[in-house]
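Visitor: CSV, N, CA and C atoms, file target-v9.csv:
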```
chain,number,residue,atom,x,y,z
S,282,MET,N,11.8,186.1,94.0
S,282,MET,CA,12.0,184.7,93.8
S,282,MET,C,11.2,184.3,92.6
S,283,THR,N,11.7,183.3,92.0
S,283,THR,CA,11.0,182.7,90.8
S,283,THR,C,10.9,181.2,91.0
S,284,LEU,N,9.7,180.7,90.9
S,284,LEU,CA,9.5,179.2,91.0
S,284,LEU,C,10.0,178.6,89.8
S,285,VAL,N,10.9,177.6,90.0
S,285,VAL,CA,11.5,176.8,88.9
S,285,VAL,C,11.1,175.3,89.1
S,286,GLU,N,10.4,174.8,88.2
S,286,GLU,CA,10.0,173.4,88.3
S,286,GLU,C,11.1,172.5,87.9
S,287,PRO,N,11.4,171.4,88.7
S,287,PRO,CA,12.5,170.5,88.3
S,287,PRO,C,12.2,169.8,87.0
S,288,ALA,N,13.3,169.6,86.3
S,288,ALA,CA,13.2,168.8,85.1
S,288,ALA,C,13.0,167.3,85.4
S,289,GLU,N,12.6,166.5,84.5
S,289,GLU,CA,12.4,165.1,84.7
S,289,GLU,C,13.8,164.4,85.1
S,290,SER,N,14.8,164.9,84.4
S,290,SER,CA,16.2,164.4,84.8
S,290,SER,C,16.6,164.7,86.2
S,291,ASP,N,16.2,165.9,86.7
S,291,ASP,CA,16.4,166.2,88.1
S,291,ASP,C,15.7,165.3,89.0
S,292,LEU,N,14.5,164.9,88.7
S,292,LEU,CA,13.7,164.0,89.6
S,292,LEU,C,14.3,162.6,89.6
S,293,LEU,N,14.8,162.2,88.4
S,293,LEU,CA,15.4,160.9,88.4
S,293,LEU,C,16.7,160.8,89.2
S,294,ILE,N,17.5,161.9,89.2
S,294,ILE,CA,18.7,162.0,90.0
S,294,ILE,C,18.4,162.0,91.5
S,295,ARG,N,17.3,162.7,91.8
S,295,ARG,CA,16.9,162.8,93.2
S,295,ARG,C,16.5,161.4,93.7
S,296,ASP,N,15.7,160.7,92.9
S,296,ASP,CA,15.3,159.3,93.3
S,296,ASP,C,16.5,158.4,93.4
S,297,GLN,N,17.4,158.5,92.5
S,297,GLN,CA,18.6,157.6,92.5
S,297,GLN,C,19.4,157.9,93.8
S,298,ILE,N,19.6,159.1,94.1
S,298,ILE,CA,20.4,159.4,95.4
S,298,ILE,C,19.6,158.9,96.6
S,299,ALA,N,18.3,159.1,96.6
S,299,ALA,CA,17.5,158.6,97.8
S,299,ALA,C,17.6,157.1,97.9
S,300,ARG,N,17.5,156.4,96.8
S,300,ARG,CA,17.5,155.0,96.8
S,300,ARG,C,18.9,154.4,97.1
S,301,ASP,N,20.0,155.0,96.5
S,301,ASP,CA,21.3,154.4,96.6
S,301,ASP,C,22.1,154.9,97.8
S,302,VAL,N,21.8,156.1,98.3
S,302,VAL,CA,22.6,156.7,99.4
S,302,VAL,C,21.8,157.0,100.6
S,303,ILE,N,20.8,157.8,100.5
S,303,ILE,CA,20.1,158.2,101.7
S,303,ILE,C,19.3,157.1,102.4
S,304,LEU,N,18.5,156.4,101.7
S,304,LEU,CA,17.8,155.3,102.4
S,304,LEU,C,18.6,154.2,103.0
S,305,PRO,N,19.7,153.7,102.3
S,305,PRO,CA,20.5,152.7,102.9
S,305,PRO,C,21.2,153.2,104.2
S,306,ARG,N,21.7,154.4,104.2
S,306,ARG,CA,22.4,154.9,105.4
S,306,ARG,C,21.4,155.1,106.5
S,307,TRP,N,20.2,155.6,106.2
S,307,TRP,CA,19.2,155.9,107.2
S,307,TRP,C,18.7,154.5,107.8
S,308,ALA,N,18.4,153.5,106.9
S,308,ALA,CA,17.9,152.2,107.4
S,308,ALA,C,19.0,151.6,108.3
S,309,LYS,N,20.3,151.7,108.0
S,309,LYS,CA,21.3,151.1,108.8
S,309,LYS,C,21.2,151.7,110.2
S,310,ARG,N,21.1,153.1,110.3
S,310,ARG,CA,21.0,153.7,111.6
S,310,ARG,C,19.7,153.4,112.3
S,311,CYS,N,18.6,153.3,111.6
S,311,CYS,CA,17.3,153.1,112.1
S,311,CYS,C,17.0,151.7,112.6
S,312,GLY,N,17.5,150.7,111.8
S,312,GLY,CA,17.3,149.3,112.2
S,312,GLY,C,16.2,148.6,111.4
S,313,PRO,N,16.1,147.3,111.5
S,313,PRO,CA,15.2,146.5,110.7
S,313,PRO,C,13.7,146.8,110.9
S,314,GLU,N,13.3,147.0,112.2
S,314,GLU,CA,11.9,147.2,112.5
S,314,GLU,C,11.5,148.6,111.9
S,315,CYS,N,12.4,149.6,112.0
S,315,CYS,CA,12.1,150.9,111.5
S,315,CYS,C,12.0,150.9,110.0
S,316,ALA,N,12.9,150.2,109.3
S,316,ALA,CA,12.9,150.1,107.9
S,316,ALA,C,11.7,149.4,107.4
S,317,SER,N,11.3,148.3,108.1
S,317,SER,CA,10.0,147.6,107.8
S,317,SER,C,8.8,148.5,107.9
S,318,ASN,N,8.8,149.3,108.9
S,318,ASN,CA,7.6,150.3,109.0
S,318,ASN,C,7.6,151.3,107.9
S,319,TRP,N,8.8,151.8,107.5
S,319,TRP,CA,9.0,152.7,106.3
S,319,TRP,C,8.4,152.0,105.1
S,320,ASN,N,8.8,150.8,104.9
S,320,ASN,CA,8.4,150.1,103.6
S,320,ASN,C,6.9,149.8,103.6
S,321,LYS,N,6.2,149.7,104.8
S,321,LYS,CA,4.8,149.4,104.8
S,321,LYS,C,4.0,150.7,104.7
S,322,THR,N,4.6,151.9,104.9
S,322,THR,CA,3.9,153.1,104.9
S,322,THR,C,4.4,154.1,103.8
S,323,VAL,N,5.4,154.9,104.1
S,323,VAL,CA,5.9,155.9,103.2
S,323,VAL,C,6.5,155.3,102.0
S,324,GLY,N,7.4,154.3,102.2
S,324,GLY,CA,8.0,153.6,101.1
S,324,GLY,C,7.1,153.1,100.1
S,325,LYS,N,6.0,152.5,100.6
S,325,LYS,CA,5.0,152.0,99.7
S,325,LYS,C,4.4,153.1,98.8
S,326,ILE,N,4.1,154.2,99.4
S,326,ILE,CA,3.6,155.4,98.6
S,326,ILE,C,4.5,155.9,97.6
S,327,LEU,N,5.8,156.0,98.0
S,327,LEU,CA,6.8,156.6,97.2
S,327,LEU,C,7.5,155.6,96.2
S,328,GLY,N,7.3,154.3,96.5
S,328,GLY,CA,7.9,153.3,95.6
S,328,GLY,C,9.4,153.2,95.9
S,329,LEU,N,9.8,153.5,97.2
S,329,LEU,CA,11.2,153.4,97.6
S,329,LEU,C,11.3,152.4,98.8
S,330,LYS,N,12.2,151.4,98.7
S,330,LYS,CA,12.3,150.4,99.7
S,330,LYS,C,13.6,150.6,100.5
S,331,ALA,N,13.5,150.5,101.8
S,331,ALA,CA,14.6,150.6,102.7
S,331,ALA,C,15.0,149.2,103.2
S,332,GLN,N,16.3,148.9,103.2
S,332,GLN,CA,16.7,147.6,103.8
S,332,GLN,C,17.8,147.9,104.8
S,333,ALA,N,17.5,147.4,106.0
S,333,ALA,CA,18.5,147.6,107.1
S,333,ALA,C,19.5,146.5,107.0
S,334,ARG,N,20.8,146.9,107.1
S,334,ARG,CA,21.9,145.9,107.0
S,334,ARG,C,22.7,145.8,108.2
```
Kindly present the structure from the file in structure tokens form.
Guide:
Amino acid sequence: MTLVEPAESDLLIRDQIARDVILPRWAKRCGPECASNWNKTVGKILGLKAQAR
């Protein structure tokens, strides 16, 4: 195995997918209280905000 560091463009794509697809779908399943807890903890650290709809 060879360790391959992701390129900056890879990280930007990862963040976009997380923000536009993964977090919205997860927050919808999880609900408003859960999304709020995410935003106060992990989301705050990562700079990613979840909104339950």
Visitor: Counting only N, CA and C atoms, what is within 7 Å of S:Trp319, bar same-chain residues fewer than 6 positions away, as JSON, numbers by chain?
Guide: {"S": [325, 329, 330, 331]}
Visitor: Tell me, in Å to one decimal, how far atom C of S:Ala299 is from atom CA of S:Pro287.
Guide: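 We find that atom C of S:Ala299 and atom CA of S:Pro287 lie 17.3 Å from each other.
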Visitor: Using all atoms listed in the file, pick whichever of S:Ala288, S:Ile294, S:Met282, S:Ala333 has the shortest atom-to-atom distance to S:Glu314.
Guide: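 Looking at the shortest contact to S:Glu314, the residue is S:Ala333.
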Visitor: Mind the document's chain letters and residue numbers, and return as a PyMOL selection string the residues of chain S that DSSP labels helix (DSSP H, G or I).
Guide: chain S and resi 289-311+313-321+323-327
Visitor: Do you know which residues are at most 7 Å from S:Ala308 counting only N, CA and C atoms, after dropping those on the same chain fewer than 4 positions away, and could you put them as a PyMOL selection string?
Guide: chain S and resi 303-304+312-313+315-316+331-334
Visitor: Which distance in Å separates atom CA of S:Asp296 and atom N of S:Leu327, to one decimal?
Guide: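 Going from atom CA of S:Asp296 over to atom N of S:Leu327 covers 11.1 Å.
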Visitor: How many Å lie between atom N of S:Arg310 and atom N of S:Ile298, rounded to one decimal?
Guide: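 Separation between atom N of S:Arg310 and atom N of S:Ile298: 17.3 Å.
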Visitor: Please write C-alpha atoms of chain S, from the structure given just now, as a CSV table (one decimal), in the first residue's frame.
Guide:
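Done, and the output landed in part_6.csv:
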```csv
chain,number,residue,atom,x,y,z
S,282,MET,CA,0.0,0.0,0.0
S,283,THR,CA,1.1,3.5,-0.7
S,284,LEU,CA,-0.3,6.5,1.2
S,285,VAL,CA,-1.6,9.1,-1.2
S,286,GLU,CA,-2.5,12.5,0.3
S,287,PRO,CA,-5.6,14.1,-1.2
S,288,ALA,CA,-5.2,17.2,-3.4
S,289,GLU,CA,-6.8,20.5,-2.4
S,290,SER,CA,-9.3,20.0,-5.2
S,291,ASP,CA,-10.3,16.6,-3.7
S,292,LEU,CA,-10.9,18.2,-0.3
S,293,LEU,CA,-13.1,20.9,-1.9
S,294,ILE,CA,-15.2,18.3,-3.7
S,295,ARG,CA,-15.5,16.3,-0.5
S,296,ASP,CA,-16.7,19.3,1.4
S,297,GLN,CA,-19.2,20.3,-1.3
S,298,ILE,CA,-20.7,16.8,-1.3
S,299,ALA,CA,-20.9,16.8,2.5
S,300,ARG,CA,-22.6,20.2,2.5
S,301,ASP,CA,-24.9,19.8,-0.5
S,302,VAL,CA,-25.9,16.1,-0.3
S,303,ILE,CA,-24.9,14.2,2.9
S,304,LEU,CA,-25.7,16.7,5.6
S,305,PRO,CA,-29.1,17.8,4.2
S,306,ARG,CA,-30.3,14.2,3.8
S,307,TRP,CA,-28.9,13.2,7.2
S,308,ALA,CA,-30.5,16.2,8.9
S,309,LYS,CA,-33.9,15.4,7.3
S,310,ARG,CA,-33.8,11.9,8.8
S,311,CYS,CA,-32.3,13.0,12.1
S,312,GLY,CA,-34.7,16.0,12.8
S,313,PRO,CA,-34.3,19.6,14.0
S,314,GLU,CA,-33.0,18.8,17.5
S,315,CYS,CA,-30.4,16.4,16.2
S,316,ALA,CA,-29.3,18.9,13.5
S,317,SER,CA,-29.1,21.7,16.2
S,318,ASN,CA,-26.8,19.5,18.4
S,319,TRP,CA,-24.6,18.8,15.3
S,320,ASN,CA,-24.3,22.5,14.6
S,321,LYS,CA,-23.3,23.2,18.2
S,322,THR,CA,-20.7,20.5,18.3
S,323,VAL,CA,-19.1,18.8,15.3
S,324,GLY,CA,-20.5,21.2,12.8
S,325,LYS,CA,-19.0,24.1,14.6
S,326,ILE,CA,-15.6,22.4,14.5
S,327,LEU,CA,-15.8,21.4,10.9
S,328,GLY,CA,-17.5,24.6,9.7
S,329,LEU,CA,-20.4,22.6,8.3
S,330,LYS,CA,-24.0,23.5,9.2
S,331,ALA,CA,-26.9,21.0,9.0
S,332,GLN,CA,-30.5,22.2,8.6
S,333,ALA,CA,-33.4,19.9,9.2
S,334,ARG,CA,-36.3,20.4,6.7
```
